file upload08.txt (compact mmCIF, C-alpha atoms)
# COMPACT_ATOMS: atom_id res chain seq x y z
CA MET A 1 -95.94 105.69 -220.41
CA SER A 2 -92.73 103.69 -219.93
CA LYS A 3 -93.83 102.87 -216.37
CA LYS A 4 -97.10 101.37 -217.67
CA ILE A 5 -95.16 99.28 -220.18
CA ASP A 6 -92.85 98.08 -217.38
CA ASN A 7 -95.89 97.11 -215.28
CA ILE A 8 -97.30 95.11 -218.20
CA MET A 9 -93.94 93.44 -218.75
CA ASP A 10 -93.81 92.46 -215.07
CA ASN A 11 -97.37 91.11 -214.98
CA GLN A 12 -97.43 87.37 -215.69
CA TRP A 13 -101.11 87.33 -216.72
CA TRP A 14 -100.59 90.02 -219.34
CA GLN A 15 -97.65 88.03 -220.63
CA GLU A 16 -99.83 84.90 -220.93
CA ILE A 17 -102.50 86.85 -222.83
CA ALA A 18 -99.87 88.27 -225.18
CA VAL A 19 -98.48 84.79 -225.90
CA VAL A 20 -101.96 83.37 -226.62
CA ALA A 21 -102.83 86.31 -228.88
CA PHE A 22 -99.53 85.99 -230.75
CA SER A 23 -99.76 82.23 -231.29
CA PHE A 24 -103.48 82.31 -232.15
CA THR A 25 -102.87 85.05 -234.73
CA LEU A 26 -100.19 82.97 -236.40
CA PHE A 27 -102.51 79.95 -236.30
CA THR A 28 -105.36 81.78 -238.03
CA LEU A 29 -103.07 83.21 -240.72
CA LYS A 30 -101.49 79.84 -241.39
CA ASN A 31 -104.82 78.01 -241.62
CA ASP A 32 -106.77 80.40 -243.88
CA TRP A 33 -109.19 81.47 -241.15
CA MET A 34 -111.22 83.52 -243.62
CA LEU A 35 -112.48 80.32 -245.31
CA PHE A 36 -114.37 79.03 -242.27
CA SER A 37 -117.95 78.63 -243.43
CA SER A 38 -119.99 78.44 -240.23
CA LEU A 39 -119.97 78.78 -236.46
CA SER A 40 -119.47 75.04 -236.08
CA SER A 41 -116.44 75.07 -238.33
CA ILE A 42 -115.02 78.00 -236.37
CA SER A 43 -115.56 76.06 -233.14
CA LEU A 44 -113.68 73.11 -234.63
CA GLY A 45 -110.82 75.43 -235.58
CA VAL A 46 -110.67 76.84 -232.04
CA PHE A 47 -110.68 73.31 -230.63
CA TYR A 48 -107.88 72.43 -233.04
CA TYR A 49 -105.85 75.37 -231.67
CA PHE A 50 -106.71 74.29 -228.12
CA ILE A 51 -105.03 70.93 -228.75
CA LEU A 52 -101.90 72.73 -229.95
CA TYR A 53 -101.98 75.09 -226.95
CA PHE A 54 -102.60 72.25 -224.48
CA HIS A 55 -99.59 70.35 -225.82
CA ALA A 56 -97.35 73.42 -225.40
CA GLN A 57 -98.57 73.98 -221.83
CA PHE A 58 -98.11 70.28 -221.03
CA ASN A 59 -94.52 70.57 -222.19
CA ARG A 60 -94.08 73.75 -220.20
CA PHE A 61 -95.41 72.57 -216.83
CA PHE A 62 -94.53 68.87 -216.88
CA LEU A 63 -91.53 68.43 -219.18
CA LEU A 64 -89.50 71.63 -218.87
CA PRO A 65 -88.91 71.02 -215.13
CA ILE A 66 -87.05 67.86 -216.20
CA LEU A 67 -84.67 70.10 -218.13
CA PHE A 68 -84.32 73.07 -215.77
CA LYS A 69 -84.76 71.53 -212.31
CA ALA A 70 -83.65 67.93 -212.75
CA GLN A 71 -81.08 68.99 -215.38
CA ARG A 72 -81.65 65.92 -217.54
CA PRO A 73 -81.66 67.20 -221.13
CA LEU A 74 -81.61 63.75 -222.75
CA ALA A 75 -84.68 62.63 -220.79
CA TYR A 76 -86.42 65.88 -221.73
CA LEU A 77 -85.74 65.38 -225.44
CA LEU A 78 -86.95 61.77 -225.39
CA VAL A 79 -90.18 62.49 -223.49
CA SER A 80 -90.82 65.61 -225.60
CA ALA A 81 -90.44 63.56 -228.79
CA LEU A 82 -92.90 61.00 -227.45
CA THR A 83 -95.51 63.64 -226.54
CA VAL A 84 -95.07 65.34 -229.92
CA PHE A 85 -95.76 62.00 -231.62
CA VAL A 86 -98.85 61.30 -229.49
CA PHE A 87 -100.36 64.76 -229.95
CA SER A 88 -99.59 64.83 -233.68
CA VAL A 89 -101.39 61.49 -234.15
CA LEU A 90 -104.33 62.79 -232.10
CA LEU A 91 -104.41 65.97 -234.18
CA TYR A 92 -104.22 64.02 -237.44
CA GLU A 93 -107.15 61.81 -236.48
CA PHE A 94 -109.23 64.76 -235.30
CA SER A 95 -108.59 66.82 -238.43
CA THR A 96 -109.27 63.85 -240.75
CA PHE A 97 -112.64 62.82 -239.26
CA GLU A 98 -113.97 66.18 -238.05
CA ILE A 99 -112.48 69.29 -239.63
CA PHE A 100 -112.20 68.05 -243.24
CA ASN A 101 -115.91 67.25 -243.34
CA ASN A 102 -117.18 70.43 -241.64
CA SER A 103 -115.21 73.36 -243.07
CA TYR A 104 -113.29 74.57 -246.06
CA LEU A 105 -110.16 74.32 -244.00
CA TYR A 106 -107.29 71.98 -244.91
CA GLN A 107 -108.47 71.39 -248.45
CA THR A 108 -105.00 71.10 -250.02
CA SER A 109 -103.15 67.81 -250.10
CA HIS A 110 -100.26 68.91 -247.89
CA GLN A 111 -102.69 70.09 -245.17
CA ARG A 112 -104.26 66.63 -245.08
CA SER A 113 -100.96 64.88 -244.41
CA TYR A 114 -99.59 63.67 -241.08
CA VAL A 115 -96.38 65.64 -241.69
CA TYR A 116 -98.39 68.87 -241.73
CA GLN A 117 -99.97 68.06 -238.36
CA LEU A 118 -96.55 67.21 -236.94
CA ALA A 119 -95.17 70.52 -238.20
CA SER A 120 -98.15 72.34 -236.64
CA ILE A 121 -97.42 70.74 -233.28
CA LEU A 122 -93.72 71.64 -233.42
CA GLY A 123 -94.30 75.16 -234.78
CA THR A 124 -96.89 76.03 -232.15
CA LEU A 125 -94.67 74.57 -229.43
CA VAL A 126 -91.85 76.90 -230.46
CA CYS A 127 -94.17 79.92 -230.87
CA ILE A 128 -95.65 79.47 -227.39
CA LEU A 129 -92.66 78.26 -225.39
CA SER A 130 -90.14 80.73 -226.78
CA PRO A 131 -91.81 83.94 -225.54
CA ILE A 132 -92.86 82.23 -222.29
CA ILE A 133 -89.25 81.25 -221.56
CA VAL A 134 -88.05 84.73 -222.55
CA PHE A 135 -90.58 86.38 -220.21
CA LYS A 136 -89.65 83.98 -217.43
CA PHE A 137 -85.96 84.77 -217.68
CA TYR A 138 -86.84 88.48 -217.89
CA ARG A 139 -88.72 88.25 -214.58
CA ILE A 140 -85.92 86.26 -212.97
CA HIS A 141 -83.26 88.70 -214.21
CA LYS A 142 -85.31 91.72 -213.07
CA LYS A 143 -85.82 90.17 -209.65
CA GLN A 144 -82.10 89.47 -209.32
CA THR A 145 -81.30 93.01 -210.49
CA ASP A 146 -83.73 94.53 -207.96
CA GLU A 147 -82.26 92.39 -205.18
CA THR A 148 -78.73 93.40 -206.20
CA LEU A 149 -79.67 97.08 -206.22
CA LEU A 150 -81.31 96.75 -202.82
CA PHE A 151 -78.28 94.94 -201.42
CA ASN A 152 -75.91 97.55 -202.88
CA GLN A 153 -78.01 100.35 -201.37
CA MET A 154 -77.88 98.63 -197.99
CA GLN A 155 -74.09 98.34 -198.33
CA LEU A 156 -73.81 102.00 -199.29
CA ASN A 157 -75.88 103.04 -196.29
CA ALA A 158 -73.70 100.91 -194.02
CA LEU A 159 -70.53 102.43 -195.48
CA LYS A 160 -71.94 105.92 -195.02
CA GLY A 161 -72.77 105.04 -191.43
CA GLN A 162 -69.14 104.07 -190.84
CA LEU A 163 -67.72 107.04 -192.76
CA ASN A 164 -69.68 109.74 -190.96
CA PRO A 165 -68.31 109.00 -187.44
CA HIS A 166 -64.84 108.72 -189.01
CA PHE A 167 -65.20 112.21 -190.51
CA LEU A 168 -66.53 113.58 -187.22
CA PHE A 169 -63.58 112.13 -185.33
CA ASN A 170 -61.03 113.71 -187.69
CA THR A 171 -62.82 117.05 -187.75
CA PHE A 172 -62.96 117.32 -183.97
CA ASN A 173 -59.28 116.39 -183.83
CA THR A 174 -58.61 119.31 -186.16
CA LEU A 175 -60.72 121.61 -184.01
CA TYR A 176 -58.94 120.44 -180.87
CA GLY A 177 -55.50 121.11 -182.39
CA ILE A 178 -56.48 124.67 -183.35
CA SER A 179 -58.01 125.42 -179.96
CA LEU A 180 -54.75 124.54 -178.20
CA GLU A 181 -52.65 126.96 -180.26
CA PHE A 182 -55.21 129.67 -180.99
CA PRO A 183 -57.93 129.53 -178.33
CA GLU A 184 -59.30 132.97 -179.30
CA ARG A 185 -60.31 131.62 -182.73
CA THR A 186 -62.19 128.64 -181.36
CA PRO A 187 -65.75 130.17 -181.46
CA ASP A 188 -65.48 131.01 -185.18
CA LEU A 189 -64.05 127.60 -185.93
CA ILE A 190 -66.85 125.88 -184.04
CA MET A 191 -69.31 127.73 -186.28
CA LYS A 192 -67.47 126.50 -189.38
CA VAL A 193 -67.44 122.94 -188.07
CA SER A 194 -71.18 123.14 -187.36
CA GLN A 195 -71.76 124.08 -191.02
CA LEU A 196 -69.75 121.06 -192.10
CA MET A 197 -71.78 118.87 -189.77
CA ARG A 198 -75.04 120.28 -191.11
CA TYR A 199 -74.07 119.44 -194.69
CA GLN A 200 -73.05 115.98 -193.60
CA LEU A 201 -76.38 115.33 -191.89
CA GLU A 202 -78.48 116.78 -194.73
CA SER A 203 -76.65 114.88 -197.46
CA ASN A 204 -76.53 111.60 -195.57
CA SER A 205 -80.02 110.55 -196.72
CA LYS A 206 -79.42 111.54 -200.36
CA GLN A 207 -77.99 109.34 -203.07
CA CYS A 208 -76.66 112.33 -205.00
CA VAL A 209 -76.01 116.02 -204.38
CA SER A 210 -75.03 118.78 -206.75
CA LEU A 211 -71.35 119.02 -207.51
CA GLU A 212 -71.46 122.67 -206.46
CA ASP A 213 -72.61 121.74 -202.93
CA GLU A 214 -69.98 119.02 -202.65
CA LEU A 215 -67.21 121.40 -203.75
CA ASP A 216 -68.39 124.04 -201.27
CA PHE A 217 -68.14 121.43 -198.55
CA ILE A 218 -64.63 120.44 -199.64
CA ASN A 219 -63.55 124.08 -199.81
CA SER A 220 -64.86 124.70 -196.27
CA TYR A 221 -62.95 121.71 -194.98
CA ILE A 222 -59.73 122.87 -196.66
CA GLN A 223 -60.16 126.35 -195.15
CA LEU A 224 -60.52 124.72 -191.74
CA GLU A 225 -57.27 122.82 -192.28
CA LYS A 226 -55.56 126.02 -193.38
CA GLU A 227 -56.54 127.52 -190.04
CA ARG A 228 -54.90 124.60 -188.30
CA VAL A 229 -51.65 124.04 -190.21
CA GLY A 230 -51.51 126.80 -192.82
CA TYR A 231 -48.72 128.62 -191.00
CA ARG A 232 -46.33 125.66 -191.41
CA CYS A 233 -47.74 123.79 -194.42
CA ASP A 234 -47.93 124.81 -198.05
CA ILE A 235 -51.56 124.15 -199.00
CA THR A 236 -52.68 124.53 -202.60
CA TYR A 237 -56.24 124.07 -203.79
CA ASP A 238 -57.22 124.59 -207.42
CA CYS A 239 -60.68 123.87 -208.81
CA LYS A 240 -61.74 124.22 -212.44
CA ILE A 241 -65.26 123.11 -213.40
CA ASP A 242 -66.90 123.69 -216.76
CA ASN A 243 -70.41 123.79 -215.23
CA GLU A 244 -70.86 123.13 -211.51
CA ASN A 245 -74.66 123.13 -211.60
CA ALA A 246 -74.88 120.56 -214.39
CA TYR A 247 -73.48 117.57 -212.49
CA LYS A 248 -74.34 115.44 -209.51
CA VAL A 249 -72.14 113.25 -207.33
CA SER A 250 -72.52 110.89 -204.40
CA PRO A 251 -72.14 112.94 -201.18
CA MET A 252 -68.79 112.89 -199.36
CA LEU A 253 -67.24 110.67 -201.98
CA LEU A 254 -64.04 112.71 -202.40
CA ILE A 255 -63.46 114.01 -198.89
CA ALA A 256 -61.71 110.85 -197.61
CA PHE A 257 -58.79 111.33 -200.03
CA ILE A 258 -58.42 114.97 -198.95
CA GLU A 259 -58.72 114.12 -195.26
CA ASN A 260 -56.06 111.48 -195.65
CA ALA A 261 -53.67 114.00 -197.24
CA PHE A 262 -53.98 116.42 -194.34
CA LYS A 263 -53.90 113.74 -191.69
CA HIS A 264 -50.70 112.06 -192.85
CA GLY A 265 -49.06 114.89 -194.79
CA THR A 266 -49.08 117.43 -191.98
CA CYS A 267 -48.23 115.27 -189.01
CA ALA A 268 -44.70 116.64 -188.59
CA ILE A 269 -43.27 120.00 -187.59
CA GLU A 270 -40.97 120.09 -190.63
CA LYS A 271 -41.91 121.79 -193.88
CA CYS A 272 -44.75 119.93 -195.62
CA PHE A 273 -47.23 120.42 -198.42
CA VAL A 274 -50.69 119.35 -199.60
CA ARG A 275 -51.77 119.99 -203.19
CA ILE A 276 -55.33 119.40 -204.33
CA ILE A 277 -56.51 119.82 -207.91
CA ILE A 278 -60.08 119.16 -209.02
CA THR A 279 -61.15 119.54 -212.64
CA VAL A 280 -64.31 118.62 -214.50
CA GLU A 281 -64.45 118.73 -218.29
CA ASN A 282 -67.34 117.27 -220.26
CA GLY A 283 -68.48 115.42 -217.15
CA LEU A 284 -65.12 113.76 -216.46
CA LEU A 285 -64.03 114.51 -212.90
CA HIS A 286 -60.31 114.39 -212.18
CA LEU A 287 -59.15 114.55 -208.57
CA HIS A 288 -55.40 114.84 -208.04
CA VAL A 289 -54.12 114.95 -204.47
CA VAL A 290 -50.44 115.04 -203.51
CA ASN A 291 -49.08 115.31 -200.00
CA SER A 292 -45.61 115.12 -198.53
CA ILE A 293 -44.58 112.23 -196.33
CA PRO A 294 -42.64 113.45 -193.27
CA LYS A 295 -39.30 111.83 -192.59
CA LYS A 296 -40.02 111.86 -188.90
CA LYS A 297 -43.62 110.87 -188.37
CA THR A 298 -45.47 111.56 -185.18
CA GLY A 299 -47.76 108.89 -183.84
CA VAL A 300 -50.88 109.15 -186.02
CA VAL A 301 -53.59 106.62 -185.33
CA SER A 302 -54.91 105.34 -188.65
CA THR A 303 -57.69 102.79 -189.10
CA LYS A 304 -57.87 103.44 -192.88
CA ILE A 305 -61.67 103.18 -192.61
CA GLY A 306 -62.18 106.33 -194.67
CA LEU A 307 -60.14 105.23 -197.67
CA LYS A 308 -61.36 101.64 -197.53
CA ASN A 309 -65.03 102.64 -197.38
CA THR A 310 -64.63 105.21 -200.14
CA ILE A 311 -63.06 102.65 -202.48
CA GLU A 312 -65.88 100.21 -201.69
CA ARG A 313 -68.43 102.94 -202.44
CA LEU A 314 -66.70 103.65 -205.76
CA ASN A 315 -66.92 99.95 -206.63
CA LEU A 316 -70.62 99.80 -205.76
CA ILE A 317 -71.59 103.01 -207.55
CA TYR A 318 -69.35 102.95 -210.61
CA GLY A 319 -68.24 99.32 -210.88
CA LYS A 320 -65.34 99.37 -213.33
CA ASP A 321 -66.25 102.79 -214.75
CA TYR A 322 -63.68 104.73 -212.76
CA LYS A 323 -59.91 104.86 -212.49
CA LEU A 324 -58.08 105.19 -209.18
CA ASP A 325 -54.31 105.28 -209.03
CA ILE A 326 -52.54 105.54 -205.65
CA GLN A 327 -48.78 105.91 -205.50
CA ASP A 328 -46.82 105.83 -202.28
CA ASP A 329 -43.10 106.46 -202.44
CA LYS A 330 -40.88 107.55 -199.58
CA ASN A 331 -41.41 111.27 -200.13
CA THR A 332 -44.90 111.78 -201.52
CA TYR A 333 -48.33 110.16 -201.48
CA ILE A 334 -50.33 110.65 -204.69
CA VAL A 335 -54.00 109.95 -205.33
CA ASP A 336 -55.33 110.25 -208.88
CA LEU A 337 -59.06 109.60 -209.40
CA LYS A 338 -61.04 109.85 -212.62
CA LEU A 339 -64.75 109.17 -212.93
CA GLN A 340 -67.63 110.16 -215.19
CA LEU A 341 -70.24 112.30 -213.47
CA LYS A 342 -73.95 112.13 -214.20
CA LYS A 343 -75.87 115.19 -215.26
CA PHE A 344 -78.98 116.56 -213.62
CA VAL A 345 -82.01 115.85 -215.78
call {"tool": "encode", "arguments": {"input": "upload08.txt", "output": "structure tokens"}}
result
Amino acid sequence: MSKKIDNIMDNQWWQEIAVVAFSFTLFTLKNDWMLFSSLSSISLGVFYYFILYFHAQFNRFFLLPILFKAQRPLAYLLVSALTVFVFSVLLYEFSTFEIFNNSYLYQTSHQRSYVYQLASILGTLVCILSPIIVFKFYRIHKKQTDETLLFNQMQLNALKGQLNPHFLFNTFNTLYGISLEFPERTPDLIMKVSQLMRYQLESNSKQCVSLEDELDFINSYIQLEKERVGYRCDITYDCKIDNENAYKVSPMLLIAFIENAFKHGTCAIEKCFVRIIITVENGLLHLHVVNSIPKKKTGVVSTKIGLKNTIERLNLIYGKDYKLDIQDDKNTYIVDLKLQLKKFV
């Protein structure tokens, strides 16, 4: 039902019909339409309305461009005043010599006056132009909104396209590091990596996935990192969700912060730690990631593509409706993200 209403709202012809019906209804109520005595008097009344409607359309197509395109408001007001005067005089003459003698319409003294005809011109102009201008700006705004949404979707797809190779690169680096130290575990790890890759490929074409699937993916990645550096790094992962199946999230939106913690927090032989806490309460997701910063860093190549793209995605998806706080002191790197999740309908 709402889709049909939207289609009507977007259709310019339906809008024109609605404006005519609205203004004509007001015209008939104002002018005691029930007192018309014959078909000829009704025809005169319709012709009277046609003059009012023609004046409004003349203003719309010939005078409004002076205001909106040429941006000359003073010229618009002067020319509009002149056309109102001309049409009101024309209407006064027509009503005096034709309508008064052929119908019961305009029988009171105030309806016979020039001021009444002038007010009719101005009133009809407002009644017709106002909804037309509103509909026009509605169409323009909707078009701009659709273009913005399309552009944002294109940006999101481009960011995903950059993020996926970045994730692959880091994951294979992890797999390579494990294979050097524990070659006998490589086949099982390859199977785990293939599951991560499958999720990545399947979710790449989706705008949203269930929070449960995203958390399973994150948990699998953390388990993979535990296989790599768990023997020398204190890794803590805590997840508390009030209802995993109730929420949806953009795929691979959180993984960049977790990747970054393992990449830079475990790059030294010395004792290190990575702590990850994810909570969701009443739809508010809170991601808290803390990792140690080694005093003696090994050479870690960092393009910062993952973090940069994730922040851009957050801006595109949530605008200002999220809070991201990143703190970097000499000993720890802290990421604190809060955002409101959407529920599955």
call {"tool": "atom_distance", "arguments": {"input": "upload08.txt", "atom1": "CA of Thr83 (chain A)", "atom2": "CA of Val134 (chain A)"}}
result
22.7 Å
call {"tool": "atom_distance", "arguments": {"input": "upload08.txt", "atom1": "CA of Lys226 (chain A)", "atom2": "CA of Pro187 (chain A)"}}
result
16.2 Å
call {"tool": "atom_distance", "arguments": {"input": "upload08.txt", "atom1": "CA of Leu74 (chain A)", "atom2": "CA of Ser120 (chain A)"}}
result
23.2 Å
call {"tool": "closest_atom_pairs", "arguments": {"input": "upload08.txt", "of": "region 249-272 of chain A", "to": "region 194-204 of chain A", "cutoff": "10 Å", "atoms": "only C-alpha atoms", "output": "CSV"}}
result
residue,atom,partner,partner_atom,distance
A:Ser250,CA,A:Ser203,CA,9.0
A:Pro251,CA,A:Ser203,CA,6.2
A:Met252,CA,A:Gln200,CA,7.8
call {"tool": "closest_residue", "arguments": {"input": "upload08.txt", "among": "A:Pro65, A:Gly45, A:Pro73, A:Pro131", "to": "Ser23 (chain A)", "atoms": "only C-alpha atoms"}}
result
A:Pro131
call {"tool": "closest_residue", "arguments": {"input": "upload08.txt", "among": "A:Gln223, A:Ser210, A:Thr266, A:Ser179", "to": "Asn245 (chain A)", "atoms": "all atoms listed in the file"}}
result
A:Ser210
call {"tool": "closest_residue", "arguments": {"input": "upload08.txt", "among": "A:Glu212, A:Asp328, A:Asp234, A:Asp321", "to": "Gln340 (chain A)", "atoms": "only C-alpha atoms"}}
result
A:Asp321
call {"tool": "closest_residue", "arguments": {"input": "upload08.txt", "among": "A:Leu77, A:Ala119, A:Leu339, A:Ala70", "to": "Val89 (chain A)", "atoms": "all atoms listed in the file"}}
result
A:Ala119
call {"tool": "closest_residue", "arguments": {"input": "upload08.txt", "among": "A:Thr279, A:Thr96, A:Ser220, A:Asn260", "to": "Asp242 (chain A)", "atoms": "all atoms listed in the file"}}
result
A:Thr279
call {"tool": "closest_residue", "arguments": {"input": "upload08.txt", "among": "A:Tyr116, A:Tyr333, A:Phe172, A:Tyr322", "to": "His264 (chain A)", "atoms": "all atoms listed in the file"}}
result
A:Tyr333
call {"tool": "residues_around", "arguments": {"input": "upload08.txt", "residues": "Phe27 (chain A)", "least_positions_apart": "5", "cutoff": "10 Å", "atoms": "all atoms listed in the file", "output": "list in words"}}
result
Ala21, Phe22, Asp32, Trp33, Gly45, Val46, Tyr48, Tyr49, Leu52, Ser120, Gly123, Thr124 and Cys127 of chain A
call {"tool": "axis_aligned_box", "arguments": {"input": "upload08.txt", "around": "region 248-258 of chain A", "padding_each_side": "4 Å", "output": "AutoDock Vina command-line options"}}
result
--center_x -66.4 --center_y 113.1 --center_z -203.6 --size_x 23.9 --size_y 12.8 --size_z 19.9
call {"tool": "residues_near_point", "arguments": {"input": "upload08.txt", "point": "(-50.7, 113.6, -205.5)", "cutoff": "9 Å", "atoms": "all atoms listed in the file", "output": "JSON, numbers by chain"}}
result
{"A": [261, 274, 275, 276, 277, 288, 289, 290, 291, 292, 326, 327, 332, 333, 334, 335, 336]}
call {"tool": "write_last_selection", "arguments": {"input": "upload08.txt", "atoms": "C-alpha atoms", "output": "PDB file, in the coordinates of the input"}}
result
ATOM      1  CA  ALA A 261     -53.670 114.000-197.240  1.00  0.00           C
ATOM      2  CA  VAL A 274     -50.690 119.350-199.600  1.00  0.00           C
ATOM      3  CA  ARG A 275     -51.770 119.990-203.190  1.00  0.00           C
ATOM      4  CA  ILE A 276     -55.330 119.400-204.330  1.00  0.00           C
ATOM      5  CA  ILE A 277     -56.510 119.820-207.910  1.00  0.00           C
ATOM      6  CA  HIS A 288     -55.400 114.840-208.040  1.00  0.00           C
ATOM      7  CA  VAL A 289     -54.120 114.950-204.470  1.00  0.00           C
ATOM      8  CA  VAL A 290     -50.440 115.040-203.510  1.00  0.00           C
ATOM      9  CA  ASN A 291     -49.080 115.310-200.000  1.00  0.00           C
ATOM     10  CA  SER A 292     -45.610 115.120-198.530  1.00  0.00           C
ATOM     11  CA  ILE A 326     -52.540 105.540-205.650  1.00  0.00           C
ATOM     12  CA  GLN A 327     -48.780 105.910-205.500  1.00  0.00           C
ATOM     13  CA  THR A 332     -44.900 111.780-201.520  1.00  0.00           C
ATOM     14  CA  TYR A 333     -48.330 110.160-201.480  1.00  0.00           C
ATOM     15  CA  ILE A 334     -50.330 110.650-204.690  1.00  0.00           C
ATOM     16  CA  VAL A 335     -54.000 109.950-205.330  1.00  0.00           C
ATOM     17  CA  ASP A 336     -55.330 110.250-208.880  1.00  0.00           C
TER      18      ASP A 336
END
call {"tool": "residues_around", "arguments": {"input": "upload08.txt", "residues": "Lys330 (chain A)", "least_positions_apart": "5", "cutoff": "10 Å", "atoms": "only C-alpha atoms", "output": "list in words"}}
result
Ser292, Ile293, Pro294 and Lys295 of chain A
call {"tool": "residues_around", "arguments": {"input": "upload08.txt", "residues": "Ile51 (chain A)", "least_positions_apart": "3", "cutoff": "10 Å", "atoms": "all atoms listed in the file", "output": "number ranges by chain"}}
result
A: 46-48, 54-57, 87-88, 90-91, 94, 121
call {"tool": "residues_near_point", "arguments": {"input": "upload08.txt", "point": "(-80.5, 116.8, -210.3)", "cutoff": "9 Å", "atoms": "only C-alpha atoms", "output": "PyMOL selection string"}}
result
chain A and resi 208-210+245-248+342-345
call {"tool": "residues_around", "arguments": {"input": "upload08.txt", "residues": "Lys136 (chain A)", "least_positions_apart": "2", "cutoff": "12 Å", "atoms": "only C-alpha atoms", "output": "PyMOL selection string"}}
result
chain A and resi 9-13+15-16+60+129-134+138-143
